[in-house]
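S.K.: To start, I am sharing the structure in question, which I have written as structure tokens.
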Amino acid sequence: MSTRYWCESAWVDGAVARGVLLSADDTGTLTAVETGIDTAPSDAEAVSGFILPGGVNAHSHAFHRMLRGRTHGDGGTFWTWREVMYSVAAKLDPQSYETVARAVFAEMLAGGYTSVGEFHYVHHVQDGTPYGAERPGGDAADPVSDADEHTERPGGDANDDAGHRAHAMERALARAAASVGIRIRLLDTCYLTGAIDTELSAEQARFGDGTIDGYMDRHAGLVDSFADEFPVNAPGESFVHVGAAIHSIRAVPAANLPRFTELSGPVHVHLSEQPAENDASQSAYGASPTEVLARSGVVDDRLSAVHATHLSEKDIALLGGSRSTIVMCPCTEADLADGIGPARELADAGAVISLGSDQHVVLDALRETQGLEAGERLRSGQRGRFSPAELITALTEGGARSLDLPVGALEVGKACDFVALRTDSMRTMGSRDEQIILTATSADVSLTVSGGRVRVRDGVHAELGDISELYAQAFAALEMEG
């Protein structure tokens, strides 16, 4: 069996192609990409507009979406915003987080993304006890959701053992992603200290694993558990993948950082988002956060540095020379008044640029992409710092590299993931070919396909329906007014 889509125009091999016929097998993997096909074959769905490979959201904190439109009234800074964020994190349990993430991931699909890197650190019960473990008094930690207790493994056994239930929050995110049809790299995050040489606060207790060995053991268990429950098969049908993350050099002591060289696959880190982070690093280590990571052997082509806003020339050379990936989150960086990072200089030094939505002040792949260029223009006084082709590459191939996923291009052997943009809307009418990347918004996403299947059409999820109703359920689950 196969699925076929005939596309009026599409981004193929780094250029605009006309009359593109995409064929996928029953795993959702592309088996043929043909161009110059004048009319749609009778067995293919005709897709009008301009087709892009599915956007890759390389940095997400799903639950942060619940803060949208709630933190602007009193000004403040990143640090005061963070306190409000902690209050929402405290409300999450596996069942409510699955409900929240389902809505957020569905909105991502509607906004032009088909893959996401979920930078996840809410691991345990509020007091830091792992799910399924016993407290000192002998009582079991807060029970996992009904879904966790009754989900069956491939072999048919109930998931009721403590080792499996320990990953209840991670499994909630994975199930949410699989249910909406977005490809996820779950970036299991190490978070050991509240600041350099400072213990975790009560608000942060559920983020931590006690020691680096505790993190490594839990991470290995997560990898093994997910290998059984969410096997990685053909590119098109493999929706759940695991990676690792260092929350920041504030949250992981420098002496622990070399342990991340033992892991395979992508490693992500929040890097120099705030000047205060740089100051703390200089005070504690006599070096910038980038230099601390480099001394530990972590800065290489597997590393994705998120934000990378406040960098020195030496930092830029280290990240560029190692061919690290940089994950810019323009809308969040603007919303939190973080600053504008040196994206052009990093790219020129050899780093790969990708994009993320971080706290989801918007979930709009086009606006994030436009924000990358807009920030560059504002800080440089020049236009065209990134060409339309480079912007498309950042949204697609750059993100695919960051997350090490088989996506990012309409290419045989990769997943059949794409989005269709209207070329005849009041926003895009008259846009010339790939310059639509600078004019379209999520309102122009008419179709989102992942794994060869239509997931969202005209803003409505094909299986779950109205995405705003999913959010109503999410706010209710957290007992927050929507």
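Ordering of the structure tokens sets the chain letters (A, B, ...), residue numbers begin anew at 1 in every chain, and ligands are numbered from 1 in the order given.
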Do you know which residues are at most 6 Å from A:Gly236 counting only C-alpha atoms, after dropping those on the same chain fewer than 2 positions away, and could you put them as an MDAnalysis selection string?

M.R.: chainID A and resid 27:29 234 238 415 451

S.K.: Atoms to include: all heavy atoms. Write the selected residues as a tab-separated table (two decimals), in the first residue's frame.

M.R.:
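This is the output file result10.tsv:
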chain	number	residue	atom	x	y	z
A	27	THR	N	4.42	2.62	5.93
A	27	THR	CA	5.05	3.07	7.17
A	27	THR	C	5.12	4.59	7.25
A	27	THR	O	5.58	5.14	8.26
A	27	THR	CB	6.47	2.51	7.33
A	27	THR	OG1	7.35	3.16	6.40
A	27	THR	CG2	6.50	1.01	7.11
A	28	GLY	N	4.70	5.28	6.18
A	28	GLY	CA	4.80	6.73	6.15
A	28	GLY	C	6.15	7.25	5.75
A	28	GLY	O	6.49	8.41	5.99
A	29	THR	N	6.95	6.40	5.10
A	29	THR	CA	8.28	6.77	4.63
A	29	THR	C	8.24	7.07	3.14
A	29	THR	O	7.61	6.33	2.37
A	29	THR	CB	9.28	5.62	4.91
A	29	THR	OG1	9.26	5.30	6.31
A	29	THR	CG2	10.69	6.01	4.49
A	234	ALA	N	10.65	1.97	10.93
A	234	ALA	CA	10.87	2.75	9.71
A	234	ALA	C	10.77	4.24	10.03
A	234	ALA	O	10.06	4.64	10.96
A	234	ALA	CB	9.83	2.36	8.66
A	238	SER	N	8.15	5.97	13.20
A	238	SER	CA	8.85	6.06	14.48
A	238	SER	C	8.63	7.45	15.07
A	238	SER	O	9.28	8.41	14.67
A	238	SER	CB	10.34	5.78	14.29
A	238	SER	OG	10.53	4.49	13.77
A	415	ALA	N	10.95	10.53	6.46
A	415	ALA	CA	9.53	10.49	6.78
A	415	ALA	C	8.75	11.41	5.85
A	415	ALA	O	9.23	12.48	5.47
A	415	ALA	CB	9.31	10.90	8.23
A	451	GLY	N	4.12	11.26	8.84
A	451	GLY	CA	4.04	9.82	8.60
A	451	GLY	C	3.09	9.47	7.48
A	451	GLY	O	2.47	8.40	7.48

S.K.: Within stretch 160-335 of chain A, find each residue whose DSSP state, derived from the backbone, is strand (DSSP E or B), and express the selection as a ChimeraX atom specification.

M.R.: /A:183-190,195,198,240-246,267-271,303-307,325-328

S.K.: Skip A:Asp301 itself and residues of its chain fewer than 6 positions away, then list as a ChimeraX atom specification all residues within 7 Å of it, counting only C-alpha atoms.

M.R.: /A:322-324

S.K.: Those same residues, written as a CSV table (one decimal), in the first residue's frame with all heavy atoms?

M.R.:
chain,number,residue,atom,x,y,z
A,322,SER,N,33.2,23.5,16.4
A,322,SER,CA,32.8,22.2,16.7
A,322,SER,C,31.6,21.7,15.9
A,322,SER,O,31.2,20.6,16.0
A,322,SER,CB,32.5,22.1,18.2
A,322,SER,OG,31.3,22.8,18.5
A,323,ARG,N,31.1,22.7,15.1
A,323,ARG,CA,29.9,22.4,14.3
A,323,ARG,C,28.7,22.0,15.2
A,323,ARG,O,27.8,21.2,14.8
A,323,ARG,CB,30.1,21.3,13.3
A,323,ARG,CG,31.1,21.6,12.1
A,323,ARG,CD,30.5,22.5,11.1
A,323,ARG,NE,29.4,21.8,10.4
A,323,ARG,CZ,28.5,22.4,9.6
A,323,ARG,NH1,28.5,23.7,9.6
A,323,ARG,NH2,27.6,21.7,9.0
A,324,SER,N,28.6,22.7,16.4
A,324,SER,CA,27.5,22.5,17.2
A,324,SER,C,26.3,23.1,16.6
A,324,SER,O,26.4,24.0,15.7
A,324,SER,CB,27.7,23.2,18.6
A,324,SER,OG,28.8,22.5,19.3

S.K.: Just checking: using only C-alpha atoms, which residue out of A:Val180, A:Ile340, A:Met216, A:Val352 ends up closest to A:Val456?

M.R.: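 Closest to A:Val456 of all the choices is A:Val180.
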